[in-house]
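Coordinates from input38.cif are shown below (mmCIF, C-alpha atoms).
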data_model
#
loop_
_atom_site.label_atom_id
_atom_site.label_comp_id
_atom_site.auth_asym_id
_atom_site.auth_seq_id
_atom_site.Cartn_x
_atom_site.Cartn_y
_atom_site.Cartn_z
CA MET W 1422 -109.61 45.24 30.76
CA GLY W 1423 -112.37 47.52 29.59
CA VAL W 1424 -112.05 49.75 32.63
CA VAL W 1425 -108.28 50.07 32.17
CA PHE W 1426 -108.82 51.07 28.54
CA PHE W 1427 -111.45 53.56 29.73
CA LEU W 1428 -108.95 55.07 32.17
CA VAL W 1429 -106.22 55.31 29.51
CA MET W 1430 -108.61 56.84 26.96
CA VAL W 1431 -109.83 59.49 29.38
CA SER W 1432 -106.33 60.33 30.57
CA ILE W 1433 -104.83 60.81 27.10
CA VAL W 1434 -107.51 63.31 26.07
CA PRO W 1435 -106.12 66.19 28.19
CA PHE W 1436 -102.72 65.60 26.59
CA ALA W 1437 -104.25 66.14 23.18
CA ILE W 1438 -106.52 69.13 23.92
CA GLY W 1439 -104.63 70.71 26.82
CA PRO W 1440 -105.46 70.77 30.54
CA ASP W 1441 -107.72 73.86 30.47
CA PRO W 1442 -110.32 73.18 33.25
CA ASN W 1443 -113.15 75.12 31.58
CA LEU W 1444 -112.76 73.28 28.30
CA LEU W 1445 -112.52 69.92 30.07
CA ALA W 1446 -115.62 70.68 32.12
CA ARG W 1447 -117.53 71.51 28.97
CA ILE W 1448 -116.57 68.48 26.87
CA GLY W 1449 -116.15 66.05 29.77
CA PRO W 1450 -119.45 64.16 29.27
CA ALA W 1451 -118.67 63.70 25.59
CA ILE W 1452 -115.19 62.34 26.35
CA LEU W 1453 -116.56 59.92 28.93
CA TRP W 1454 -119.21 58.69 26.52
CA ILE W 1455 -116.81 58.16 23.61
CA ALA W 1456 -114.35 56.37 25.89
CA ALA W 1457 -117.14 54.15 27.26
CA LEU W 1458 -118.35 53.36 23.73
CA LEU W 1459 -114.88 52.34 22.55
CA ALA W 1460 -114.11 50.42 25.73
CA SER W 1461 -117.30 48.37 25.53
CA LEU W 1462 -116.68 47.75 21.82
CA LEU W 1463 -113.14 46.57 22.55
CA CYS W 1464 -114.36 43.73 24.74
CA LEU W 1465 -117.19 42.69 22.43
CA ASP W 1466 -115.36 40.81 19.70
CA ARG W 1467 -114.67 37.89 22.05
CA LEU W 1468 -118.31 37.71 23.14
CA PHE W 1469 -119.12 34.63 21.05
CA GLN W 1470 -115.71 33.69 19.67
CA ALA W 1471 -114.51 31.81 22.76
CA ASP W 1472 -117.77 29.84 22.72
CA LEU W 1473 -117.31 29.00 19.06
CA GLU W 1474 -113.77 27.75 19.68
CA ASP W 1475 -114.56 25.48 22.63
CA GLY W 1476 -117.83 24.21 21.17
CA SER W 1477 -120.21 25.77 23.70
CA LEU W 1478 -121.95 27.57 20.84
CA ASP W 1479 -123.02 24.21 19.37
CA LEU W 1480 -124.40 23.23 22.75
CA PHE W 1481 -126.40 26.48 22.86
CA HIS W 1482 -127.76 25.57 19.43
CA LEU W 1483 -128.77 22.08 20.55
CA GLY W 1484 -129.94 23.01 24.03
CA ARG W 1485 -133.55 23.12 25.07
CA ALA W 1486 -133.44 26.83 25.87
CA PRO W 1487 -133.82 29.03 22.78
CA LEU W 1488 -130.62 30.54 21.36
CA GLU W 1489 -132.07 34.03 21.91
CA LEU W 1490 -132.10 33.37 25.64
CA ALA W 1491 -128.47 32.25 25.59
CA VAL W 1492 -127.57 35.44 23.68
CA LEU W 1493 -129.45 37.52 26.24
CA ALA W 1494 -127.59 35.79 29.08
CA LYS W 1495 -124.26 36.37 27.35
CA CYS W 1496 -125.13 40.05 26.87
CA ALA W 1497 -126.13 40.37 30.52
CA ALA W 1498 -122.84 38.80 31.58
CA HIS W 1499 -120.91 41.09 29.25
CA TRP W 1500 -122.70 44.14 30.62
CA VAL W 1501 -121.99 43.13 34.22
CA THR W 1502 -118.30 42.70 33.43
CA THR W 1503 -117.90 45.73 31.13
CA GLY W 1504 -120.79 48.20 31.15
CA LEU W 1505 -121.30 48.19 34.89
CA PRO W 1506 -117.60 48.71 35.81
CA LEU W 1507 -117.44 51.53 33.26
CA THR W 1508 -120.45 53.15 34.89
CA LEU W 1509 -118.96 52.75 38.34
CA ALA W 1510 -115.61 54.19 37.22
CA ALA W 1511 -117.21 57.15 35.43
CA PRO W 1512 -117.70 59.40 38.53
CA PHE W 1513 -114.00 59.11 39.44
CA LEU W 1514 -112.80 59.79 35.92
CA GLY W 1515 -115.35 62.61 35.74
CA LEU W 1516 -113.61 64.22 38.70
CA MET W 1517 -110.37 64.20 36.71
CA LEU W 1518 -112.25 66.00 33.93
CA GLN W 1519 -113.37 68.78 36.28
CA GLN W 1520 -117.04 67.78 36.38
CA GLU W 1521 -119.35 69.19 39.05
CA GLU W 1522 -121.57 67.01 41.24
CA THR W 1523 -124.70 67.30 39.12
CA ALA W 1524 -122.73 66.60 35.96
CA LEU W 1525 -121.11 63.57 37.59
CA ALA W 1526 -124.47 62.18 38.62
CA ALA W 1527 -125.96 62.86 35.19
CA VAL W 1528 -123.10 61.20 33.28
CA THR W 1529 -123.20 58.16 35.56
CA LEU W 1530 -126.95 57.86 35.19
CA THR W 1531 -126.84 58.15 31.40
CA LEU W 1532 -124.06 55.57 31.21
CA LEU W 1533 -126.09 53.23 33.41
CA ALA W 1534 -129.05 53.61 31.06
CA GLY W 1535 -127.06 53.60 27.82
CA THR W 1536 -124.37 50.94 28.17
CA PRO W 1537 -126.88 48.04 27.93
CA ALA W 1538 -127.84 49.34 24.48
CA LEU W 1539 -124.15 49.45 23.49
CA THR W 1540 -123.69 45.83 24.58
CA LEU W 1541 -126.86 44.62 22.87
CA ILE W 1542 -126.25 46.41 19.57
CA GLY W 1543 -122.64 45.27 19.66
CA ALA W 1544 -123.77 41.68 20.15
CA ILE W 1545 -125.27 41.72 16.65
CA GLY W 1546 -121.91 42.73 15.20
CA ALA W 1547 -120.10 40.18 17.35
CA ALA W 1548 -122.45 37.44 16.17
CA ALA W 1549 -122.10 38.47 12.52
CA THR W 1550 -118.30 38.38 12.61
CA VAL W 1551 -117.94 35.37 14.93
CA THR W 1552 -116.33 33.09 12.35
CA LEU W 1553 -113.81 35.63 11.09
CA ARG W 1554 -110.31 35.40 12.49
CA ARG W 1555 -109.77 39.14 12.78
CA GLY W 1556 -113.35 40.27 13.04
CA GLY W 1557 -112.73 43.06 15.54
CA LEU W 1558 -112.09 45.84 13.05
CA LEU W 1559 -114.96 44.81 10.80
CA MET W 1560 -117.24 44.56 13.83
CA ALA W 1561 -116.36 48.11 14.83
CA LEU W 1562 -117.11 49.26 11.28
CA LEU W 1563 -120.53 47.59 11.39
CA VAL W 1564 -121.51 48.52 14.92
CA LEU W 1565 -120.27 52.10 15.35
CA PRO W 1566 -122.76 53.71 12.91
CA LEU W 1567 -125.60 51.94 14.71
CA THR W 1568 -124.52 53.22 18.12
CA ILE W 1569 -124.61 56.89 17.09
CA PRO W 1570 -128.18 57.47 18.41
CA VAL W 1571 -127.15 56.13 21.83
CA LEU W 1572 -124.18 58.48 21.83
CA ILE W 1573 -126.27 61.49 20.75
CA PHE W 1574 -128.95 61.07 23.41
CA GLY W 1575 -126.51 59.99 26.11
CA VAL W 1576 -124.33 63.05 25.68
CA SER W 1577 -127.23 65.46 25.22
CA ALA W 1578 -128.91 64.20 28.39
CA ALA W 1579 -125.66 64.52 30.35
CA GLU W 1580 -125.11 68.04 29.07
CA ALA W 1581 -128.72 69.07 29.63
CA ALA W 1582 -128.32 68.31 33.34
CA THR W 1583 -125.74 71.07 33.79
CA GLY W 1584 -127.78 73.74 32.10
CA GLY W 1585 -129.04 74.05 28.59
CA THR W 1586 -132.18 74.70 26.66
CA VAL W 1587 -133.69 71.21 26.97
CA SER W 1588 -134.63 69.40 30.14
CA PHE W 1589 -132.71 66.34 31.31
CA ALA W 1590 -135.79 64.11 31.20
CA ALA W 1591 -136.50 64.27 27.46
CA PRO W 1592 -133.20 62.95 26.03
CA PHE W 1593 -132.85 60.61 29.01
CA ALA W 1594 -136.25 59.06 28.30
CA ILE W 1595 -135.26 58.51 24.66
CA LEU W 1596 -131.99 56.93 25.81
CA CYS W 1597 -133.93 54.53 28.05
CA ALA W 1598 -136.29 53.80 25.15
CA ILE W 1599 -133.34 52.93 22.90
CA SER W 1600 -131.97 50.58 25.56
CA LEU W 1601 -135.33 48.88 26.06
CA GLY W 1602 -135.90 48.59 22.32
CA ALA W 1603 -132.43 47.07 21.92
CA LEU W 1604 -133.22 44.66 24.76
CA ALA W 1605 -136.35 43.52 22.95
CA LEU W 1606 -134.98 43.26 19.40
CA CYS W 1607 -131.22 42.73 19.41
CA PRO W 1608 -131.15 39.19 20.90
CA PHE W 1609 -133.25 37.99 17.96
CA ALA W 1610 -130.98 39.58 15.35
CA ALA W 1611 -127.84 38.32 17.09
CA ALA W 1612 -129.27 34.80 17.43
CA ALA W 1613 -130.24 34.81 13.74
CA ALA W 1614 -126.69 35.81 12.82
CA LEU W 1615 -125.28 33.09 15.08
CA ARG W 1616 -127.54 30.47 13.48
CA SER W 1617 -126.30 31.49 10.04
CA ALA W 1618 -122.71 31.40 11.26
CA GLY W 1619 -123.17 27.94 12.75
CA GLU W 1620 -124.32 26.33 9.50
CA MET T 262 -146.93 32.57 -9.59
CA ILE T 263 -145.15 29.87 -11.60
CA ALA T 264 -144.22 32.42 -14.25
CA PHE T 265 -143.00 34.78 -11.57
CA SER T 266 -140.81 32.23 -9.81
CA SER T 267 -139.31 31.14 -13.11
CA LEU T 268 -137.91 34.68 -13.40
CA ALA T 269 -135.72 33.86 -10.41
CA ASN T 270 -134.03 31.05 -12.32
CA PRO T 271 -130.54 32.40 -13.08
CA ALA T 272 -130.51 31.10 -16.66
CA VAL T 273 -133.91 32.67 -17.42
CA PHE T 274 -132.77 35.82 -15.65
CA LEU T 275 -129.65 36.03 -17.83
CA ARG T 276 -131.70 35.58 -21.03
CA LEU T 277 -134.38 38.08 -20.02
CA THR T 278 -132.02 40.78 -18.80
CA GLN T 279 -130.02 40.51 -21.99
CA ARG T 280 -133.14 41.59 -23.83
CA VAL T 281 -134.21 44.24 -21.30
CA LEU T 282 -130.81 45.85 -20.70
CA PRO T 283 -130.41 47.72 -24.04
CA TRP T 284 -133.86 49.27 -23.57
CA LEU T 285 -133.08 50.31 -20.01
CA GLY T 286 -129.75 51.77 -21.06
CA ALA T 287 -131.37 53.67 -23.93
CA ALA T 288 -134.15 54.92 -21.64
CA SER T 289 -131.58 56.11 -19.13
CA ALA T 290 -129.51 57.88 -21.81
CA LEU T 291 -132.60 59.49 -23.39
CA LEU T 292 -134.16 60.63 -20.13
CA SER T 293 -130.90 61.92 -18.69
CA GLY T 294 -130.08 63.67 -21.99
CA LEU T 295 -133.53 65.27 -22.15
CA GLY T 296 -133.34 66.12 -18.46
CA LEU T 297 -129.92 67.75 -18.78
CA TYR T 298 -131.11 69.74 -21.83
CA LEU T 299 -134.11 70.98 -19.85
CA VAL T 300 -131.92 71.75 -16.85
CA PHE T 301 -129.38 73.82 -18.74
CA PHE T 302 -131.43 75.51 -21.45
CA VAL T 303 -135.08 75.56 -20.39
CA SER T 304 -135.48 75.61 -16.62
CA PRO T 305 -135.13 79.04 -15.04
CA ALA T 306 -132.45 80.05 -12.55
CA ASP T 307 -133.71 80.48 -9.01
CA TYR T 308 -134.48 84.06 -7.97
CA GLN T 309 -132.35 83.63 -4.85
CA GLN T 310 -129.85 80.92 -5.65
CA GLY T 311 -129.11 81.82 -9.25
CA GLU T 312 -127.56 79.11 -11.40
CA THR T 313 -126.38 77.01 -8.44
CA VAL T 314 -129.91 75.65 -8.14
CA LYS T 315 -128.98 73.35 -11.05
CA ILE T 316 -126.93 71.23 -8.66
CA MET T 317 -130.31 70.12 -7.33
CA TYR T 318 -131.04 68.12 -10.49
CA ILE T 319 -128.10 65.80 -9.69
CA HIS T 320 -128.24 66.02 -5.90
CA VAL T 321 -131.89 65.12 -5.35
CA PRO T 322 -132.05 62.10 -7.71
CA ALA T 323 -128.80 60.81 -6.18
CA ALA T 324 -130.28 61.12 -2.70
CA TRP T 325 -133.48 59.34 -3.75
CA LEU T 326 -131.50 56.53 -5.34
CA ALA T 327 -129.20 56.21 -2.35
CA MET T 328 -132.28 55.36 -0.29
CA PHE T 329 -133.88 53.37 -3.11
CA ALA T 330 -130.77 51.19 -3.32
CA TYR T 331 -131.02 50.46 0.39
CA MET T 332 -134.69 49.51 -0.03
CA VAL T 333 -133.67 47.16 -2.87
CA MET T 334 -131.00 45.68 -0.60
CA THR T 335 -133.51 45.25 2.21
CA SER T 336 -136.03 43.45 0.03
CA ALA T 337 -133.23 41.31 -1.43
CA SER T 338 -132.16 40.50 2.12
CA LEU T 339 -135.67 39.30 2.90
CA GLY T 340 -135.37 37.13 -0.21
CA VAL T 341 -132.10 35.73 1.10
CA LEU T 342 -133.44 35.02 4.58
CA VAL T 343 -136.88 33.70 3.65
CA TRP T 344 -136.34 31.88 0.35
CA ARG T 345 -132.54 31.51 0.51
CA HIS T 346 -132.37 32.40 -3.15
CA PRO T 347 -128.92 32.87 -4.74
CA LEU T 348 -130.26 35.56 -7.08
CA ALA T 349 -131.45 37.64 -4.12
CA ASP T 350 -127.99 37.23 -2.66
CA ALA T 351 -126.38 38.54 -5.86
CA ALA T 352 -128.84 41.46 -5.91
CA GLN T 353 -128.09 42.32 -2.28
CA LYS T 354 -124.34 42.16 -2.80
CA THR T 355 -124.21 44.30 -5.94
CA ALA T 356 -126.69 46.94 -4.77
CA ALA T 357 -124.37 47.88 -1.90
CA THR T 358 -121.64 49.26 -4.17
CA LEU T 359 -124.15 51.17 -6.30
CA GLY T 360 -125.88 52.56 -3.24
CA ALA T 361 -122.57 53.69 -1.79
CA ALA T 362 -121.72 55.41 -5.08
CA PHE T 363 -125.05 57.29 -5.20
CA THR T 364 -124.74 58.26 -1.53
CA PHE T 365 -121.26 59.58 -2.24
CA ILE T 366 -122.52 61.62 -5.21
CA CYS T 367 -125.32 62.97 -3.04
CA LEU T 368 -122.91 63.99 -0.27
CA VAL T 369 -120.40 65.60 -2.64
CA THR T 370 -122.94 67.55 -4.68
CA GLY T 371 -124.72 68.60 -1.51
CA SER T 372 -121.46 69.82 -0.07
CA LEU T 373 -120.61 71.77 -3.23
CA TRP T 374 -124.10 73.28 -3.19
CA GLY T 375 -123.81 74.07 0.51
CA LYS T 376 -120.71 76.22 0.08
CA PRO T 377 -122.30 79.02 -1.99
CA MET T 378 -125.73 78.74 -0.32
CA TRP T 379 -125.04 78.05 3.34
CA GLY T 380 -121.47 79.35 3.41
CA THR T 381 -120.02 76.03 4.47
CA TYR T 382 -119.21 72.68 2.90
CA TRP T 383 -120.50 70.70 5.84
CA VAL T 384 -122.73 71.20 8.85
CA TRP T 385 -123.71 68.56 11.39
CA ASP T 386 -127.32 68.89 10.35
CA ALA T 387 -129.68 65.95 10.97
CA ARG T 388 -130.24 65.18 7.27
CA LEU T 389 -126.56 65.41 6.37
CA THR T 390 -125.49 63.33 9.34
CA SER T 391 -128.03 60.57 8.75
CA MET T 392 -126.96 60.45 5.08
CA LEU T 393 -123.33 60.14 6.20
CA ILE T 394 -124.37 57.27 8.47
CA LEU T 395 -126.04 55.61 5.47
CA PHE T 396 -122.72 55.92 3.61
CA LEU T 397 -120.90 54.33 6.56
CA LEU T 398 -123.48 51.52 6.65
CA TYR T 399 -122.90 50.84 2.95
CA LEU T 400 -119.13 50.76 3.50
CA GLY T 401 -119.51 48.38 6.46
CA LEU T 402 -121.73 46.05 4.43
CA ILE T 403 -119.30 46.08 1.49
CA ALA T 404 -116.43 45.28 3.86
CA LEU T 405 -118.48 42.47 5.41
CA ARG T 406 -119.18 40.96 1.98
CA GLN T 407 -115.54 41.19 0.99
CA THR T 408 -114.41 39.44 4.16
CA MET T 409 -116.95 36.65 3.93
CA GLU T 410 -116.25 34.32 1.05
CA ASP T 411 -119.08 33.59 -1.40
CA SER T 412 -121.00 31.33 0.92
CA PRO T 413 -124.70 31.12 1.75
CA ARG T 414 -123.58 31.82 5.31
CA GLY T 415 -121.97 35.13 4.39
CA ALA T 416 -125.06 36.05 2.38
CA ARG T 417 -127.40 35.48 5.32
CA ILE T 418 -125.21 37.35 7.80
CA ALA T 419 -124.96 40.31 5.41
CA ALA T 420 -128.74 40.15 4.99
CA ILE T 421 -129.28 40.31 8.75
CA MET T 422 -126.93 43.30 9.04
CA THR T 423 -128.78 44.99 6.15
CA LEU T 424 -132.09 44.58 7.95
CA VAL T 425 -130.60 45.96 11.16
CA GLY T 426 -129.23 48.99 9.30
CA PHE T 427 -132.66 49.74 7.83
CA VAL T 428 -133.44 51.82 10.94
CA ASP T 429 -131.49 54.64 9.29
CA ILE T 430 -133.86 54.97 6.28
CA PRO T 431 -136.90 56.36 8.15
CA ILE T 432 -134.52 58.56 10.14
CA ILE T 433 -133.18 60.08 6.90
CA LYS T 434 -136.68 60.54 5.49
CA PHE T 435 -138.11 62.24 8.57
CA SER T 436 -134.94 63.94 9.85
CA VAL T 437 -135.98 67.25 8.27
CA ASP T 438 -139.35 67.10 10.06
CA TRP T 439 -138.09 65.92 13.44
CA TRP T 440 -135.13 68.27 13.78
CA ASN T 441 -135.59 71.79 12.51
CA THR T 442 -132.07 72.42 11.21
CA LEU T 443 -130.39 73.82 8.12
CA HIS T 444 -131.47 71.35 5.44
CA GLN T 445 -134.81 72.30 3.91
CA PRO T 446 -137.86 70.06 4.47
CA ALA T 447 -139.34 67.85 1.75
CA SER T 448 -140.74 69.84 -1.18
CA VAL T 449 -141.63 67.15 -3.74
CA LEU T 450 -142.91 64.05 -1.94
CA ARG T 451 -145.06 65.69 0.69
CA ALA T 452 -148.68 65.69 1.79
CA GLY T 453 -150.56 68.45 -0.02
CA GLY T 454 -148.57 68.28 -3.26
CA PRO T 455 -145.15 69.59 -4.26
CA THR T 456 -144.22 73.16 -3.38
CA ILE T 457 -141.63 73.42 -6.13
CA ALA T 458 -142.41 75.35 -9.32
CA ALA T 459 -143.51 73.23 -12.29
CA ALA T 460 -140.68 74.58 -14.47
CA MET T 461 -138.24 73.05 -12.03
CA LEU T 462 -140.30 70.01 -11.04
CA TRP T 463 -140.49 68.52 -14.53
CA PRO T 464 -136.75 68.50 -15.24
CA LEU T 465 -136.20 67.13 -11.74
CA LEU T 466 -138.64 64.26 -12.27
CA ILE T 467 -137.16 63.46 -15.68
CA MET T 468 -133.65 63.45 -14.21
CA ALA T 469 -134.88 61.21 -11.38
CA LEU T 470 -136.42 58.77 -13.87
CA GLY T 471 -133.21 58.77 -15.91
CA ALA T 472 -131.12 58.12 -12.81
CA THR T 473 -133.48 55.33 -11.73
CA ALA T 474 -133.17 53.70 -15.15
CA LEU T 475 -129.39 54.07 -14.84
CA PHE T 476 -129.45 52.41 -11.43
CA LEU T 477 -131.64 49.55 -12.67
CA ALA T 478 -129.44 49.01 -15.73
CA LEU T 479 -126.23 49.04 -13.70
CA HIS T 480 -127.77 46.80 -11.06
CA LEU T 481 -128.95 44.24 -13.61
CA MET T 482 -125.53 44.29 -15.26
CA ALA T 483 -123.84 43.82 -11.90
CA ILE T 484 -126.13 40.89 -11.04
CA ARG T 485 -125.34 39.31 -14.43
CA ASN T 486 -121.64 39.76 -13.75
CA GLU T 487 -122.03 38.22 -10.31
CA ILE T 488 -123.85 35.17 -11.71
CA LEU T 489 -121.25 34.69 -14.43
CA ARG T 490 -118.39 35.22 -11.96
CA ARG T 491 -119.77 32.53 -9.67
CA ARG T 492 -120.28 30.20 -12.60
CA VAL T 493 -116.67 30.71 -13.68
CA ALA T 494 -115.44 30.14 -10.13
CA ARG T 495 -117.49 26.93 -9.88
CA LEU T 496 -116.30 25.63 -13.25
CA THR T 497 -112.70 26.44 -12.38
CA LEU T 498 -113.09 24.45 -9.18
CA GLN T 499 -114.62 21.55 -11.11
CA ALA T 500 -111.81 21.65 -13.62
CA ALA T 501 -109.23 21.74 -10.86
CA ALA T 502 -110.95 18.81 -9.20
CA ALA T 503 -110.82 16.90 -12.48
CA GLY T 504 -107.10 17.56 -12.42
CA GLU T 505 -106.78 18.64 -16.03
CA GLU T 506 -105.22 21.95 -16.90
CA GLY T 507 -106.53 21.81 -20.47
CA GLY T 508 -109.96 20.82 -19.26
CA ALA T 509 -110.54 24.20 -17.67
CA ALA T 510 -110.65 26.08 -20.93
CA GLU T 511 -113.01 23.49 -22.40
CA LEU T 512 -115.36 23.69 -19.47
CA LEU T 513 -115.41 27.47 -19.52
CA GLU T 514 -116.58 27.57 -23.13
CA PRO T 515 -120.26 26.68 -22.61
CA ALA T 516 -120.52 29.25 -19.84
CA GLN T 517 -120.10 32.18 -22.17
#
Serialized structure, structure tokens:
Amino acid sequence: MGVVFFLVMVSIVPFAIGPDPNLLARIGPAILWIAALLASLLCLDRLFQADLEDGSLDLFHLGRAPLELAVLAKCAAHWVTTGLPLTLAAPFLGLMLQQEETALAAVTLTLLAGTPALTLIGAIGAAATVTLRRGGLLMALLVLPLTIPVLIFGVSAAEAATGGTVSFAAPFAILCAISLGALALCPFAAAAALRSAGE
Amino acid sequence: MIAFSSLANPAVFLRLTQRVLPWLGAASALLSGLGLYLVFFVSPADYQQGETVKIMYIHVPAAWLAMFAYMVMTSASLGVLVWRHPLADAAQKTAATLGAAFTFICLVTGSLWGKPMWGTYWVWDARLTSMLILFLLYLGLIALRQTMEDSPRGARIAAIMTLVGFVDIPIIKFSVDWWNTLHQPASVLRAGGPTIAAAMLWPLLIMALGATALFLALHLMAIRNEILRRRVARLTLQAAAAGEEGGAAELLEPAQ
């Protein structure tokens, strides 16, 4: 689902801005990143809702393993089914956007490093809106401002690889740091929100 | 400690704030009036910017209060999560609207000031962008509170989201130091003392105090409203449960 949305998003952009190869090559990394962000957000609102409906969430609450661990496992599963396919599809879509080899490798690498952060930050929003019937829009409103740093450093690292004033390593290291920080902190916030929602 | 915790009792809070509010309102009116007088008739025009520098006396206090309101919301959120206090919940809920309003004022005045000075209404400068993100955070939190009904659950979830959004506050504060872009670095609250001339600093501080008093007064009034609104909602429910149409009016009387 997410990958199909990713494909559609990337393929409608040239219709809007025109098929000029130079322009596409220049803004390609940004388009790929925005499409990946929206695609991973699209799949997030069902992250905990299905579990709430069939009662698994209560079992997670009662289980011996801490809820944070269950959240982390859910996030890992979500990333494997959404973030990873997006990353794998990115080189092919990048070709459609006239990216060169180094740019393709850079975008794929930044997506690999950055999509876990998108999933983990999104999990907080998904947990906060789990009880709402149409929480998707509200979740996007809550989560999108928080994902801006990921977007900034992801795109700047991808663009630095194809020439620019900064080196690739600096923004890429910050992107990895954001992902690791999200890995350490977000499960706790999401689990806290789920506990509040369960009461 | 006992005296302090008794302040958190809603009935005591209502009584106390009723006494404090007129003073706060008067202080705000006096300070803002004095500040505006100083701004327009006493403080000098800038040698470079001319009279447009006077936008600063609205812009800077609004920016401070936009962040101050988020700090208030964050501490109220801690109150919600740790002590589960309904008053902290009311404070958190009402501060969001005020914070959004001050952020909006800050963005609009900054944009109007930017046009004559920088030649553009908007640039994607680090300070401006992080302030815009703060505005979006406020809007998201307001939307979250409007979607969740008045339940302790909604309060705690909003509190968690508030704490998560706090990452933006240090980014706003240090954005002018980390990224060297168009917005000028801090000139009042900085190590080594303010770099702004005293003739401009004093009106600015007085305006900031007046705006803070305004925020506190509006916030206290909003919390009072929230308490009364919840009391009315509860009494209406009780009256409906009692099944008497006429009973509702009777029950509402003692609440006033």
Report the residues retrieved by the PyMOL selection byres ((chain W) within 10 of (chain T)) from the displayed file, expressed as a PDB file with C-alpha atoms, keeping the file's coordinate frame.
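Generated file (expr.pdb):
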ATOM      1  CA  ILE W1542    -126.250  46.410  19.570  1.00  0.00           C
ATOM      2  CA  ILE W1545    -125.270  41.720  16.650  1.00  0.00           C
ATOM      3  CA  GLY W1546    -121.910  42.730  15.200  1.00  0.00           C
ATOM      4  CA  ALA W1548    -122.450  37.440  16.170  1.00  0.00           C
ATOM      5  CA  ALA W1549    -122.100  38.470  12.520  1.00  0.00           C
ATOM      6  CA  THR W1550    -118.300  38.380  12.610  1.00  0.00           C
ATOM      7  CA  THR W1552    -116.330  33.090  12.350  1.00  0.00           C
ATOM      8  CA  LEU W1553    -113.810  35.630  11.090  1.00  0.00           C
ATOM      9  CA  ARG W1555    -109.770  39.140  12.780  1.00  0.00           C
ATOM     10  CA  GLY W1556    -113.350  40.270  13.040  1.00  0.00           C
ATOM     11  CA  LEU W1559    -114.960  44.810  10.800  1.00  0.00           C
ATOM     12  CA  MET W1560    -117.240  44.560  13.830  1.00  0.00           C
ATOM     13  CA  ALA W1561    -116.360  48.110  14.830  1.00  0.00           C
ATOM     14  CA  LEU W1562    -117.110  49.260  11.280  1.00  0.00           C
ATOM     15  CA  LEU W1563    -120.530  47.590  11.390  1.00  0.00           C
ATOM     16  CA  VAL W1564    -121.510  48.520  14.920  1.00  0.00           C
ATOM     17  CA  LEU W1565    -120.270  52.100  15.350  1.00  0.00           C
ATOM     18  CA  PRO W1566    -122.760  53.710  12.910  1.00  0.00           C
ATOM     19  CA  LEU W1567    -125.600  51.940  14.710  1.00  0.00           C
ATOM     20  CA  ILE W1569    -124.610  56.890  17.090  1.00  0.00           C
ATOM     21  CA  LEU W1606    -134.980  43.260  19.400  1.00  0.00           C
ATOM     22  CA  CYS W1607    -131.220  42.730  19.410  1.00  0.00           C
ATOM     23  CA  ALA W1610    -130.980  39.580  15.350  1.00  0.00           C
ATOM     24  CA  ALA W1611    -127.840  38.320  17.090  1.00  0.00           C
ATOM     25  CA  ALA W1613    -130.240  34.810  13.740  1.00  0.00           C
ATOM     26  CA  ALA W1614    -126.690  35.810  12.820  1.00  0.00           C
ATOM     27  CA  LEU W1615    -125.280  33.090  15.080  1.00  0.00           C
ATOM     28  CA  ARG W1616    -127.540  30.470  13.480  1.00  0.00           C
ATOM     29  CA  SER W1617    -126.300  31.490  10.040  1.00  0.00           C
ATOM     30  CA  ALA W1618    -122.710  31.400  11.260  1.00  0.00           C
ATOM     31  CA  GLY W1619    -123.170  27.940  12.750  1.00  0.00           C
ATOM     32  CA  GLU W1620    -124.320  26.330   9.500  1.00  0.00           C
TER      33      GLU W1620
END
(request) Evaluate the PyMOL selection byres ((chain T and resi 271-279) around 10) here and jot the selected residues down as an MDAnalysis selection string. (result) chainID T and resid 267:270 280:285 347:348 478 481:482 484:486 488:489
Dump as a PDB file, keeping the file's coordinate frame, selection limited to C-alpha atoms:
ATOM      1  CA  SER T 267    -139.310  31.140 -13.110  1.00  0.00           C
ATOM      2  CA  LEU T 268    -137.910  34.680 -13.400  1.00  0.00           C
ATOM      3  CA  ALA T 269    -135.720  33.860 -10.410  1.00  0.00           C
ATOM      4  CA  ASN T 270    -134.030  31.050 -12.320  1.00  0.00           C
ATOM      5  CA  ARG T 280    -133.140  41.590 -23.830  1.00  0.00           C
ATOM      6  CA  VAL T 281    -134.210  44.240 -21.300  1.00  0.00           C
ATOM      7  CA  LEU T 282    -130.810  45.850 -20.700  1.00  0.00           C
ATOM      8  CA  PRO T 283    -130.410  47.720 -24.040  1.00  0.00           C
ATOM      9  CA  TRP T 284    -133.860  49.270 -23.570  1.00  0.00           C
ATOM     10  CA  LEU T 285    -133.080  50.310 -20.010  1.00  0.00           C
ATOM     11  CA  PRO T 347    -128.920  32.870  -4.740  1.00  0.00           C
ATOM     12  CA  LEU T 348    -130.260  35.560  -7.080  1.00  0.00           C
ATOM     13  CA  ALA T 478    -129.440  49.010 -15.730  1.00  0.00           C
ATOM     14  CA  LEU T 481    -128.950  44.240 -13.610  1.00  0.00           C
ATOM     15  CA  MET T 482    -125.530  44.290 -15.260  1.00  0.00           C
ATOM     16  CA  ILE T 484    -126.130  40.890 -11.040  1.00  0.00           C
ATOM     17  CA  ARG T 485    -125.340  39.310 -14.430  1.00  0.00           C
ATOM     18  CA  ASN T 486    -121.640  39.760 -13.750  1.00  0.00           C
ATOM     19  CA  ILE T 488    -123.850  35.170 -11.710  1.00  0.00           C
ATOM     20  CA  LEU T 489    -121.250  34.690 -14.430  1.00  0.00           C
TER      21      LEU T 489
END
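Rounded to one decimal, CA of Val1587 (chain W) and CA of Phe1513 (chain W) lie 26.3 Å from each other.
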